[in-house]
file input_34.cif (mmCIF, C-alpha atoms)
data_run
loop_
_atom_site.label_atom_id
_atom_site.label_comp_id
_atom_site.auth_asym_id
_atom_site.auth_seq_id
_atom_site.Cartn_x
_atom_site.Cartn_y
_atom_site.Cartn_z
CA MET A 246 18.28 -4.70 -29.02
CA ASP A 247 16.37 -4.27 -25.77
CA ILE A 248 15.02 -7.80 -25.71
CA VAL A 249 18.50 -9.32 -25.99
CA LYS A 250 19.59 -7.54 -22.81
CA SER A 251 16.68 -9.18 -20.99
CA LEU A 252 17.23 -12.76 -22.23
CA GLY A 253 18.24 -13.90 -18.75
CA HIS A 254 15.12 -12.27 -17.29
CA PRO A 255 12.01 -13.89 -18.80
CA GLU A 256 9.63 -11.69 -16.80
CA GLU A 257 11.17 -8.63 -18.47
CA ILE A 258 10.68 -10.13 -21.92
CA PHE A 259 7.03 -10.79 -21.14
CA ASN A 260 6.55 -7.23 -19.89
CA LEU A 261 8.35 -5.69 -22.86
CA PHE A 262 6.03 -7.63 -25.14
CA LYS A 263 2.99 -6.67 -23.06
CA PHE A 264 4.06 -3.02 -23.01
CA LYS A 265 4.55 -3.04 -26.78
CA MET A 266 1.06 -4.44 -27.22
CA GLY A 267 -0.51 -1.59 -25.28
CA GLY A 268 0.12 -2.44 -21.64
CA CYS A 269 1.59 1.04 -21.22
CA ARG A 270 -1.95 2.43 -21.26
CA THR A 271 -2.66 0.91 -17.85
CA VAL A 272 -0.31 3.46 -16.30
CA MET A 273 -0.08 6.02 -19.13
CA PRO A 274 -3.54 6.65 -20.64
CA LYS A 275 -3.69 8.63 -23.86
CA LEU A 276 -4.47 12.35 -23.55
CA ASP A 277 -7.19 14.17 -25.46
CA TYR A 278 -5.13 16.92 -27.07
CA GLU A 279 -8.00 18.02 -29.29
CA SER A 280 -9.90 19.49 -26.36
CA MET A 281 -6.95 21.65 -25.25
CA SER A 282 -6.22 25.25 -26.17
CA GLU A 283 -3.38 25.81 -28.62
CA SER A 284 -1.13 27.21 -25.89
CA LEU A 285 -1.77 24.24 -23.60
CA ARG A 286 -1.07 21.79 -26.42
CA THR A 287 2.20 23.63 -27.01
CA CYS A 288 3.09 23.19 -23.36
CA TYR A 289 2.56 19.43 -23.59
CA LEU A 290 4.69 19.42 -26.74
CA TYR A 291 7.50 21.09 -24.80
CA LEU A 292 6.97 18.63 -21.94
CA ASN A 293 7.49 15.66 -24.25
CA GLN A 294 10.49 17.31 -25.88
CA THR A 295 12.30 18.18 -22.66
CA SER A 296 11.45 15.40 -20.23
CA ARG A 297 13.17 12.06 -20.73
CA SER A 298 11.36 10.25 -17.99
CA PHE A 299 8.61 12.28 -16.34
CA ALA A 300 6.47 13.26 -19.34
CA ALA A 301 4.55 9.99 -19.40
CA VAL A 302 3.73 9.87 -15.69
CA ILE A 303 2.79 13.56 -15.63
CA GLN A 304 0.30 13.00 -18.44
CA ALA A 305 -1.25 10.11 -16.52
CA LEU A 306 -2.26 12.32 -13.57
CA ASP A 307 -5.95 12.91 -12.96
CA GLY A 308 -7.92 16.04 -13.77
CA GLU A 309 -6.61 19.58 -13.42
CA LEU A 310 -3.62 18.35 -11.41
CA ARG A 311 -2.13 17.10 -14.69
CA HIS A 312 -1.99 20.61 -16.16
CA ALA A 313 -0.65 22.13 -12.93
CA VAL A 314 2.21 19.61 -12.75
CA CYS A 315 2.95 20.02 -16.47
CA ILE A 316 3.33 23.80 -16.06
CA PHE A 317 5.28 23.35 -12.82
CA TYR A 318 7.72 21.09 -14.65
CA LEU A 319 8.17 23.51 -17.56
CA VAL A 320 8.71 26.53 -15.29
CA LEU A 321 11.41 24.66 -13.38
CA ARG A 322 12.89 23.35 -16.62
CA ALA A 323 13.22 26.95 -17.82
CA LEU A 324 14.82 27.96 -14.53
CA ASP A 325 17.20 24.98 -14.70
CA THR A 326 18.14 25.89 -18.28
CA VAL A 327 19.27 29.31 -17.09
CA GLU A 328 21.35 27.71 -14.33
CA ASP A 329 22.95 25.19 -16.70
CA ASP A 330 23.87 27.70 -19.43
CA MET A 331 27.55 28.43 -18.89
CA THR A 332 27.52 31.11 -21.62
CA ILE A 333 25.43 33.45 -19.44
CA PRO A 334 27.82 35.62 -17.36
CA LEU A 335 27.35 35.42 -13.60
CA GLU A 336 26.51 39.11 -13.27
CA LYS A 337 23.52 38.43 -15.53
CA LYS A 338 22.65 34.92 -14.39
CA VAL A 339 22.43 35.56 -10.64
CA PRO A 340 19.75 38.29 -10.92
CA MET A 341 17.83 36.14 -13.43
CA LEU A 342 17.73 33.21 -11.02
CA ASN A 343 16.72 35.40 -8.07
CA ASP A 344 13.98 37.15 -10.05
CA PHE A 345 12.76 34.26 -12.21
CA HIS A 346 9.52 33.81 -10.26
CA THR A 347 8.51 37.37 -11.18
CA TYR A 348 8.65 36.53 -14.89
CA LEU A 349 5.61 34.29 -14.40
CA TYR A 350 3.50 37.44 -14.20
CA GLN A 351 5.26 39.30 -17.03
CA ALA A 352 3.28 38.28 -20.11
CA ASN A 353 5.98 39.11 -22.66
CA TRP A 354 9.14 38.06 -20.82
CA CYS A 355 11.36 35.64 -22.71
CA PHE A 356 15.08 34.94 -23.05
CA THR A 357 16.56 34.36 -26.51
CA GLU A 358 20.28 34.21 -25.73
CA SER A 359 20.54 30.70 -24.35
CA HIS A 360 22.59 28.01 -26.10
CA GLU A 361 21.23 25.08 -24.09
CA LYS A 362 19.36 22.23 -25.77
CA ASP A 363 16.13 23.10 -23.92
CA ARG A 364 16.32 26.82 -24.77
CA ARG A 365 12.91 26.67 -26.44
CA VAL A 366 11.20 26.85 -23.02
CA LEU A 367 12.94 30.19 -22.47
CA GLU A 368 12.36 31.51 -25.98
CA ASP A 369 8.64 30.76 -25.78
CA PHE A 370 8.23 31.41 -22.06
CA PRO A 371 5.20 33.66 -22.75
CA THR A 372 3.21 30.55 -23.74
CA ILE A 373 4.21 28.77 -20.52
CA SER A 374 3.55 31.82 -18.32
CA LEU A 375 0.15 32.27 -19.98
CA GLU A 376 -0.89 28.76 -19.00
CA PHE A 377 0.57 29.34 -15.54
CA ARG A 378 -1.74 32.34 -15.11
CA ASN A 379 -4.67 30.21 -16.32
CA LEU A 380 -4.19 27.85 -13.36
CA GLY A 381 -6.17 28.18 -10.14
CA GLN A 382 -4.69 30.60 -7.60
CA ALA A 383 -3.72 27.81 -5.19
CA TYR A 384 -1.61 26.18 -7.91
CA GLN A 385 -0.07 29.51 -8.90
CA ASP A 386 0.95 30.26 -5.31
CA VAL A 387 2.74 26.93 -4.94
CA ILE A 388 4.59 27.15 -8.27
CA SER A 389 5.65 30.77 -7.77
CA ASP A 390 6.90 30.11 -4.22
CA ILE A 391 8.92 27.03 -5.18
CA CYS A 392 10.34 28.78 -8.25
CA HIS A 393 11.46 31.68 -6.03
CA ARG A 394 13.10 29.48 -3.40
CA MET A 395 14.78 27.29 -5.99
CA GLY A 396 16.15 30.26 -7.94
CA VAL A 397 17.66 31.74 -4.78
CA GLY A 398 19.24 28.38 -3.90
CA MET A 399 20.66 27.89 -7.40
CA ALA A 400 22.19 31.37 -7.30
CA GLU A 401 23.80 30.54 -3.95
CA PHE A 402 25.55 27.45 -5.32
CA LEU A 403 26.72 29.08 -8.55
CA GLU A 404 29.73 30.51 -6.81
CA LYS A 405 30.50 27.74 -4.32
CA LYS A 406 31.18 24.05 -4.60
CA VAL A 407 29.41 21.29 -2.71
CA GLY A 408 31.77 20.85 0.23
CA SER A 409 30.30 19.13 3.26
CA MET A 410 27.72 16.38 3.37
CA LYS A 411 25.38 18.95 4.91
CA GLU A 412 25.90 21.19 1.87
CA TRP A 413 25.17 18.20 -0.38
CA ASP A 414 21.83 17.85 1.37
CA GLN A 415 21.26 21.59 0.99
CA TYR A 416 22.11 21.61 -2.72
CA CYS A 417 19.87 18.59 -3.37
CA HIS A 418 17.12 20.31 -1.38
CA TYR A 419 17.27 23.36 -3.63
CA VAL A 420 17.24 21.46 -6.93
CA ALA A 421 15.08 18.44 -6.03
CA GLY A 422 13.74 18.52 -2.48
CA LEU A 423 11.82 21.70 -3.26
CA VAL A 424 10.33 19.91 -6.27
CA GLY A 425 9.07 17.17 -3.96
CA ILE A 426 7.63 19.77 -1.59
CA GLY A 427 5.97 21.69 -4.42
CA LEU A 428 4.47 18.57 -5.96
CA SER A 429 3.11 17.47 -2.59
CA GLN A 430 1.47 20.85 -2.10
CA LEU A 431 -0.05 20.61 -5.60
CA PHE A 432 -1.42 17.15 -4.76
CA SER A 433 -3.11 18.56 -1.66
CA ALA A 434 -4.33 21.67 -3.49
CA SER A 435 -6.04 19.42 -6.04
CA GLN A 436 -7.84 17.65 -3.15
CA LEU A 437 -6.78 14.32 -4.65
CA GLU A 438 -4.62 13.87 -1.56
CA ASP A 439 -5.06 14.80 2.09
CA PRO A 440 -3.71 18.17 3.35
CA GLU A 441 -1.13 16.26 5.44
CA VAL A 442 0.70 15.22 2.25
CA GLY A 443 1.42 18.85 1.42
CA LYS A 444 2.21 19.87 4.99
CA ASP A 445 4.84 17.21 5.76
CA THR A 446 7.76 18.89 4.02
CA GLU A 447 10.38 16.60 5.59
CA LEU A 448 9.02 13.49 3.87
CA ALA A 449 8.47 15.37 0.60
CA ASN A 450 12.04 16.67 0.74
CA SER A 451 13.36 13.11 1.16
CA MET A 452 11.48 12.03 -1.98
CA GLY A 453 13.42 14.60 -3.99
CA LEU A 454 16.76 13.99 -2.29
CA PHE A 455 16.67 10.26 -2.96
CA LEU A 456 16.14 10.82 -6.69
CA GLN A 457 18.70 13.61 -6.97
CA LYS A 458 21.44 11.82 -5.06
CA THR A 459 20.93 8.71 -7.18
CA ASN A 460 21.35 10.77 -10.35
CA ILE A 461 24.44 12.55 -9.01
CA ILE A 462 26.05 9.24 -8.01
CA ARG A 463 25.29 7.61 -11.36
CA ASP A 464 26.44 10.60 -13.42
CA TYR A 465 29.94 10.90 -11.89
CA LEU A 466 31.86 10.31 -15.12
CA GLU A 467 29.55 12.39 -17.30
CA ASP A 468 29.85 15.32 -14.91
CA ILE A 469 33.62 15.34 -14.45
CA GLN A 470 34.10 15.13 -18.22
CA VAL A 471 32.48 18.58 -18.49
CA ALA A 472 34.12 19.93 -15.33
CA ARG A 473 31.02 19.67 -13.13
CA ALA A 474 31.42 18.49 -9.56
CA PHE A 475 28.43 17.42 -7.48
CA TRP A 476 30.00 14.73 -5.30
CA PRO A 477 30.62 16.37 -1.90
CA GLN A 478 34.26 17.14 -1.11
CA GLU A 479 33.85 15.85 2.44
CA ALA A 480 33.28 12.41 0.93
CA TRP A 481 35.76 12.21 -1.95
CA SER A 482 38.61 13.98 -0.12
CA GLN A 483 38.82 10.95 2.21
CA PHE A 484 39.91 8.83 -0.74
CA ALA A 485 41.55 11.10 -3.35
CA CYS A 486 43.35 14.41 -3.79
CA ARG A 487 41.05 15.42 -6.65
CA LEU A 488 37.56 14.23 -7.55
CA GLU A 489 38.64 13.30 -11.06
CA ASP A 490 41.38 11.03 -9.67
CA LEU A 491 38.71 8.48 -8.77
CA ALA A 492 38.38 7.67 -12.47
CA GLU A 493 42.01 6.49 -12.64
CA SER A 494 42.37 2.71 -12.91
CA ASP A 495 44.87 2.53 -10.07
CA GLN A 496 42.41 4.28 -7.73
CA LEU A 497 39.62 1.71 -8.03
CA THR A 498 39.59 0.61 -4.38
CA SER A 499 39.40 4.21 -3.17
CA ALA A 500 36.81 5.04 -5.82
CA LEU A 501 34.53 2.19 -4.75
CA SER A 502 34.87 3.18 -1.10
CA CYS A 503 33.75 6.71 -1.94
CA LEU A 504 30.94 5.45 -4.15
CA ASN A 505 29.63 3.13 -1.45
CA LEU A 506 29.74 5.91 1.14
CA LEU A 507 27.50 8.08 -1.06
CA VAL A 508 25.14 5.22 -1.91
CA THR A 509 24.76 4.55 1.81
CA ASP A 510 23.97 8.21 2.42
CA ALA A 511 21.32 8.17 -0.32
CA LEU A 512 19.74 5.02 1.13
CA ARG A 513 18.94 6.77 4.40
CA HIS A 514 16.08 8.54 2.59
CA VAL A 515 14.33 5.28 1.64
CA PRO A 516 12.40 4.84 4.92
CA ASP A 517 10.92 8.33 4.41
CA VAL A 518 10.04 7.40 0.82
CA ILE A 519 8.15 4.33 2.07
CA THR A 520 6.26 6.39 4.66
CA TYR A 521 5.38 9.04 2.08
CA LEU A 522 4.09 6.58 -0.51
CA ALA A 523 1.99 4.76 2.12
CA ARG A 524 0.01 7.97 2.71
CA LEU A 525 -1.11 8.41 -0.90
CA ARG A 526 -4.68 7.54 -1.84
CA ASN A 527 -5.12 8.58 -5.48
CA GLN A 528 -3.93 5.93 -7.95
CA SER A 529 -2.53 8.35 -10.54
CA VAL A 530 -0.62 10.27 -7.86
CA PHE A 531 0.72 7.02 -6.42
CA ASN A 532 1.97 5.86 -9.83
CA PHE A 533 3.51 9.28 -10.48
CA CYS A 534 5.43 9.17 -7.20
CA ALA A 535 6.25 5.46 -6.94
CA ILE A 536 7.62 4.79 -10.43
CA PRO A 537 10.62 7.18 -10.21
CA GLN A 538 11.43 5.91 -6.71
CA VAL A 539 11.60 2.24 -7.70
CA MET A 540 13.64 3.20 -10.77
CA ALA A 541 15.99 5.05 -8.42
CA ILE A 542 16.58 2.16 -6.03
CA ALA A 543 17.14 -0.17 -8.99
CA THR A 544 19.69 2.30 -10.38
CA LEU A 545 21.34 2.72 -6.98
CA SER A 546 21.63 -1.05 -6.65
CA ALA A 547 23.23 -1.20 -10.10
CA CYS A 548 25.74 1.49 -9.04
CA TYR A 549 26.63 0.04 -5.64
CA ASN A 550 30.23 -1.25 -5.56
CA ASN A 551 30.26 -1.11 -9.37
CA PRO A 552 33.51 -0.01 -11.10
CA GLN A 553 31.49 0.90 -14.21
CA VAL A 554 30.40 4.13 -12.50
CA PHE A 555 33.97 5.36 -13.07
CA GLN A 556 34.40 3.85 -16.53
CA GLY A 557 31.17 4.40 -18.44
CA VAL A 558 27.41 4.56 -18.09
CA VAL A 559 25.36 2.59 -15.56
CA LYS A 560 21.74 2.13 -16.61
CA ILE A 561 19.06 -0.34 -15.80
CA ARG A 562 17.75 -2.42 -18.71
CA LYS A 563 14.71 -1.13 -20.57
CA GLY A 564 12.96 -4.43 -19.83
CA GLN A 565 13.77 -3.92 -16.16
CA ALA A 566 12.43 -0.34 -16.31
CA VAL A 567 9.22 -1.41 -18.03
CA THR A 568 8.70 -4.21 -15.50
CA LEU A 569 9.17 -1.80 -12.59
CA MET A 570 6.82 0.72 -14.16
CA MET A 571 4.07 -1.84 -14.68
CA GLN A 572 4.43 -3.36 -11.21
CA ALA A 573 4.83 -0.29 -8.98
CA THR A 574 1.11 0.47 -8.80
CA ASN A 575 0.42 -0.52 -5.18
CA MET A 576 2.21 -0.32 -1.86
CA GLY A 577 2.77 -4.04 -1.51
CA ALA A 578 4.53 -4.23 -4.88
CA VAL A 579 6.67 -1.19 -4.07
CA GLN A 580 7.75 -2.70 -0.76
CA SER A 581 8.62 -5.94 -2.52
CA ILE A 582 10.73 -4.05 -5.08
CA MET A 583 12.50 -2.08 -2.36
CA ALA A 584 13.15 -5.29 -0.45
CA GLN A 585 14.53 -7.02 -3.54
CA TYR A 586 17.08 -4.33 -4.39
CA SER A 587 18.12 -3.76 -0.78
CA GLN A 588 18.73 -7.49 -0.53
CA GLU A 589 20.84 -7.38 -3.71
CA MET A 590 23.01 -4.63 -2.21
CA LEU A 591 23.19 -6.48 1.10
CA GLN A 592 24.73 -9.46 -0.65
CA ARG A 593 27.44 -7.26 -2.21
CA VAL A 594 28.63 -5.42 0.91
CA SER A 595 32.40 -5.94 1.12
CA LEU A 596 34.04 -7.06 4.35
CA THR A 597 36.66 -4.34 3.90
CA ASP A 598 34.42 -1.45 2.84
CA PRO A 599 34.86 1.52 5.23
CA SER A 600 31.10 2.21 5.18
CA ARG A 601 30.20 -1.42 5.79
CA ASP A 602 28.58 -0.97 9.23
CA LYS A 603 26.48 2.04 8.16
CA THR A 604 25.47 0.29 4.94
CA LEU A 605 24.38 -2.87 6.77
CA PHE A 606 22.43 -0.78 9.26
CA ILE A 607 20.40 1.24 6.75
CA LEU A 608 19.79 -1.81 4.54
CA GLY A 609 18.56 -3.60 7.65
CA VAL A 610 16.15 -0.75 8.38
CA ILE A 611 14.85 -0.87 4.80
CA GLN A 612 14.44 -4.64 4.98
CA GLU A 613 12.50 -4.30 8.22
CA ARG A 614 10.22 -1.63 6.70
CA THR A 615 9.54 -3.66 3.57
CA LEU A 616 9.61 -7.31 4.59
CA SER A 617 7.12 -6.71 7.39
CA GLN A 618 4.38 -6.34 4.78
CA ALA A 619 5.86 -7.76 1.63
CA THR A 620 7.69 -11.00 0.99
CA LEU A 621 10.89 -11.30 -0.94
CA ALA A 622 9.47 -14.10 -3.04
CA SER A 623 10.34 -13.76 -6.69
CA ARG A 624 7.74 -11.87 -8.66
CA THR A 625 8.35 -14.08 -11.67
CA ALA A 626 6.02 -16.94 -12.43
CA HIS A 627 7.31 -20.41 -11.65
CA LEU A 628 7.57 -21.76 -15.17
CA SER A 629 9.48 -24.75 -16.48
CA PRO A 630 12.79 -24.10 -18.30
CA MET A 631 11.37 -25.59 -21.50
CA TYR A 632 8.33 -23.30 -21.36
CA LEU A 633 10.53 -20.28 -20.63
CA SER A 634 12.81 -21.03 -23.57
CA ALA A 635 9.87 -21.35 -25.94
CA ALA A 636 8.29 -18.21 -24.54
CA MET A 637 11.51 -16.23 -24.94
CA ILE A 638 11.92 -17.30 -28.56
CA LEU A 639 8.29 -16.47 -29.33
CA ALA A 640 8.56 -13.13 -27.59
CA ALA A 641 11.78 -12.26 -29.41
CA LEU A 642 10.27 -13.04 -32.80
CA SER A 643 7.11 -11.14 -31.95
CA TRP A 644 9.07 -8.15 -30.68
CA GLN A 645 11.14 -8.06 -33.88
CA TYR A 646 7.96 -8.17 -35.97
CA LEU A 647 6.25 -5.45 -33.94
CA SER A 648 9.32 -3.23 -34.04
CA THR A 649 9.17 -3.20 -37.82
CA THR A 650 5.45 -2.54 -38.01
CA ALA A 651 4.83 -0.05 -35.23
CA GLY A 652 6.54 2.92 -33.59
CA GLN A 653 7.72 3.00 -30.04
CA PRO A 654 4.95 3.71 -27.49
CA PRO A 655 5.27 7.12 -25.90
CA GLY A 656 7.35 7.49 -22.78
CA THR A 657 9.46 4.33 -23.16
CA ALA A 658 12.71 6.03 -24.08
CA ASP A 659 15.36 6.59 -21.41
CA MET A 660 13.30 5.46 -18.47
CA GLN A 661 16.37 5.28 -16.31
CA GLY A 662 15.43 8.58 -14.76
CA HIS A 663 17.08 11.90 -15.63
#
call {"tool": "encode", "arguments": {"input": "input_34.cif", "output": "structure tokens"}}
result
Amino acid sequence: MDIVKSLGHPEEIFNLFKFKMGGCRTVMPKLDYESMSESLRTCYLYLNQTSRSFAAVIQALDGELRHAVCIFYLVLRALDTVEDDMTIPLEKKVPMLNDFHTYLYQANWCFTESHEKDRRVLEDFPTISLEFRNLGQAYQDVISDICHRMGVGMAEFLEKKVGSMKEWDQYCHYVAGLVGIGLSQLFSASQLEDPEVGKDTELANSMGLFLQKTNIIRDYLEDIQVARAFWPQEAWSQFACRLEDLAESDQLTSALSCLNLLVTDALRHVPDVITYLARLRNQSVFNFCAIPQVMAIATLSACYNNPQVFQGVVKIRKGQAVTLMMQATNMGAVQSIMAQYSQEMLQRVSLTDPSRDKTLFILGVIQERTLSQATLASRTAHLSPMYLSAAMILAALSWQYLSTTAGQPPGTADMQGH
């Protein structure tokens, strides 16, 4: 039960209760599906079916930008489904990835041979491409360009492994950095954000790389169990003969050293993330960008120096995720969250960790960027232990009652960020 996991965190219990009672609508307003065309409604259906974490924040975007980002997501989801499908032979897959952007202008193109769980976006691609062609030309140009560049990059890495740290950056650029760049250009095209947001591709790339590297680090065990390898060889070869050896119990010290090296590398993108977020002016765009980033640093903190990465699943608590989502609505709160989790990692840096000096340096930079404008004071209310105990019991009983009388609010499942 979600509330049990948060018993030691009264603020999370309060926010879970508040979210259940409708607090989610402050960051995720309800859409008017009745006013949409049938094809556009179908696209939002696919969005909710395929996105475990981004559907809610996409639907909270303002105006026509919402539809543009929805279609952008579905186009890239279709492209990603082709890349992930190991049943498609390379001689067929490589041309598909390289040419995928052209299918956006082929009204009847679809692919019915996929065995992936999200194959529906390929089978009914004509509905998605129709709504793509209904977008303004500026939106179409961005989506088509990013789709082309991403497809070419995916094809490149189909036949080679991620070797050097530089190649890790390149791979993450293709699959996530380009998403950050495309989104930024859509924000500017909508005129909800300044042109500079779309032009500064370096900051936008860092937004994507931070999220992607966090996911790759967290998903180590899941990936090696299906023979996927996204941890760069330059990193893991310093500590093991094979990547999968890090999961062996007698390799824990080496495994943690490798893990901490990669976490440190991911953290170097955080200063760019802070700079990027500080430029945003539209509230819905800020929420859309900030929420995944604070989820990511919370996840990275949970992974840092944590043996569980090699033994099971590392996820932040749902109460923690809901609290972050409800708080990350302004720059001051985001800086405070970043400061909190960087401080948590700082306190766990081992004296013997090979990456210790680099880790301390980048955490110090993050602290300087965040504590200059935000304090590390606890964001929980200063309540007496007796009051907290009573509040927790009341909240637990209320949550149990509500769970039996109402369904889950949309967008609360799996907010750990996939």
call {"tool": "resolve_selection", "arguments": {"input": "input_34.cif", "expression": "the PyMOL selection byres ((chain A and resi 401-411) around 10)", "output": "ChimeraX atom specification"}}
result
/A:328-329,335,338-339,342-343,395-400,412-417,419,473-482,507,510
call {"tool": "resolve_selection", "arguments": {"input": "input_34.cif", "expression": "the PyMOL selection byres ((chain A and resi 537) around 10)", "output": "list in words"}}
result
Ser298, Phe299, Val302, Met452, Phe455, Leu456, Asn532, Phe533, Cys534, Ala535, Ile536, Gln538, Val539, Met540, Ala541, Ile542, Ala543, Ala566, Leu569, Met570, Ala573, Met660, Gln661, Gly662 and His663 of chain A
call {"tool": "atom_distance", "arguments": {"input": "input_34.cif", "atom1": "atom CA of Ala449 of chain A", "atom2": "atom CA of Ala421 of chain A"}}
result
9.9 Å
call {"tool": "closest_residue", "arguments": {"input": "input_34.cif", "among": "A:Val554, A:Glu358, A:Ala300, A:Cys503", "to": "Met331 of chain A", "atoms": "all atoms listed in the file"}}
result
A:Glu358
call {"tool": "residues_around", "arguments": {"input": "input_34.cif", "residues": "Cys355 of chain A", "least_positions_apart": "6", "cutoff": "8 Å", "atoms": "all atoms listed in the file", "output": "list in words"}}
result
Leu367, Glu368, Asp369, Phe370 and Pro371 of chain A
call {"tool": "resolve_selection", "arguments": {"input": "input_34.cif", "expression": "the PyMOL selection byres ((chain A and resi 462) around 9)", "output": "PyMOL selection string"}}
result
chain A and resi 457-461+463-465+475-476+504+507-508+545+548+554
call {"tool": "write_last_selection", "arguments": {"input": "input_34.cif", "atoms": "C-alpha atoms", "output": "PDB file, in the coordinates of the input"}}
result
ATOM      1  CA  GLN A 457      18.700  13.610  -6.970  1.00  0.00           C
ATOM      2  CA  LYS A 458      21.440  11.820  -5.060  1.00  0.00           C
ATOM      3  CA  THR A 459      20.930   8.710  -7.180  1.00  0.00           C
ATOM      4  CA  ASN A 460      21.350  10.770 -10.350  1.00  0.00           C
ATOM      5  CA  ILE A 461      24.440  12.550  -9.010  1.00  0.00           C
ATOM      6  CA  ARG A 463      25.290   7.610 -11.360  1.00  0.00           C
ATOM      7  CA  ASP A 464      26.440  10.600 -13.420  1.00  0.00           C
ATOM      8  CA  TYR A 465      29.940  10.900 -11.890  1.00  0.00           C
ATOM      9  CA  PHE A 475      28.430  17.420  -7.480  1.00  0.00           C
ATOM     10  CA  TRP A 476      30.000  14.730  -5.300  1.00  0.00           C
ATOM     11  CA  LEU A 504      30.940   5.450  -4.150  1.00  0.00           C
ATOM     12  CA  LEU A 507      27.500   8.080  -1.060  1.00  0.00           C
ATOM     13  CA  VAL A 508      25.140   5.220  -1.910  1.00  0.00           C
ATOM     14  CA  LEU A 545      21.340   2.720  -6.980  1.00  0.00           C
ATOM     15  CA  CYS A 548      25.740   1.490  -9.040  1.00  0.00           C
ATOM     16  CA  VAL A 554      30.400   4.130 -12.500  1.00  0.00           C
TER      17      VAL A 554
END
call {"tool": "closest_residue", "arguments": {"input": "input_34.cif", "among": "A:Gln436, A:Thr332, A:Ser296, A:Ser451", "to": "Tyr318 of chain A", "atoms": "all atoms listed in the file"}}
result
A:Ser296
call {"tool": "axis_aligned_box", "arguments": {"input": "input_34.cif", "around": "segment 322-330 of chain A", "padding_each_side": "4 Å", "output": "lines of an AutoDock Vina configuration file"}}
result
center_x = 18.4
center_y = 26.3
center_z = -16.9
size_x = 19.0
size_y = 14.0
size_z = 13.1
call {"tool": "closest_residue", "arguments": {"input": "input_34.cif", "among": "A:Leu437, A:Leu616, A:Ala323, A:Val567", "to": "Gln585 of chain A", "atoms": "only C-alpha atoms"}}
result
A:Leu616
call {"tool": "residues_around", "arguments": {"input": "input_34.cif", "residues": "Asn575 of chain A", "least_positions_apart": "2", "cutoff": "12 Å", "atoms": "only C-alpha atoms", "output": "compact mmCIF listing (two decimals) with C-alpha atoms, keeping the file's coordinate frame"}}
result
# COMPACT_ATOMS: atom_id res chain seq x y z
CA VAL A 272 -0.31 3.46 -16.30
CA ILE A 519 8.15 4.33 2.07
CA LEU A 522 4.09 6.58 -0.51
CA ALA A 523 1.99 4.76 2.12
CA ARG A 524 0.01 7.97 2.71
CA LEU A 525 -1.11 8.41 -0.90
CA ARG A 526 -4.68 7.54 -1.84
CA ASN A 527 -5.12 8.58 -5.48
CA GLN A 528 -3.93 5.93 -7.95
CA SER A 529 -2.53 8.35 -10.54
CA VAL A 530 -0.62 10.27 -7.86
CA PHE A 531 0.72 7.02 -6.42
CA ASN A 532 1.97 5.86 -9.83
CA PHE A 533 3.51 9.28 -10.48
CA CYS A 534 5.43 9.17 -7.20
CA ALA A 535 6.25 5.46 -6.94
CA ILE A 536 7.62 4.79 -10.43
CA VAL A 539 11.60 2.24 -7.70
CA LEU A 569 9.17 -1.80 -12.59
CA MET A 570 6.82 0.72 -14.16
CA MET A 571 4.07 -1.84 -14.68
CA GLN A 572 4.43 -3.36 -11.21
CA ALA A 573 4.83 -0.29 -8.98
CA GLY A 577 2.77 -4.04 -1.51
CA ALA A 578 4.53 -4.23 -4.88
CA VAL A 579 6.67 -1.19 -4.07
CA GLN A 580 7.75 -2.70 -0.76
CA SER A 581 8.62 -5.94 -2.52
CA ILE A 582 10.73 -4.05 -5.08
CA ALA A 619 5.86 -7.76 1.63
call {"tool": "closest_residue", "arguments": {"input": "input_34.cif", "among": "A:Pro340, A:Pro552, A:Pro516, A:Gly381", "to": "Glu447 of chain A", "atoms": "only C-alpha atoms"}}
result
A:Pro516
call {"tool": "atom_distance", "arguments": {"input": "input_34.cif", "atom1": "atom CA of Pro334 of chain A", "atom2": "atom CA of Arg487 of chain A"}}
result
26.4 Å
call {"tool": "closest_residue", "arguments": {"input": "input_34.cif", "among": "A:Thr615, A:Thr520, A:Ser374, A:Gln304", "to": "Leu319 of chain A", "atoms": "all atoms listed in the file"}}
result
A:Ser374
call {"tool": "residues_around", "arguments": {"input": "input_34.cif", "residues": "Ala485 of chain A", "least_positions_apart": "4", "cutoff": "9 Å", "atoms": "all atoms listed in the file", "output": "PyMOL selection string"}}
result
chain A and resi 481+489-491+496+499-500
call {"tool": "residues_around", "arguments": {"input": "input_34.cif", "residues": "Val387 of chain A", "least_positions_apart": "6", "cutoff": "12 Å", "atoms": "all atoms listed in the file", "output": "count of residues only"}}
result
25
call {"tool": "atom_distance", "arguments": {"input": "input_34.cif", "atom1": "atom CA of Phe484 of chain A", "atom2": "atom CA of Leu591 of chain A"}}
result
22.7 Å
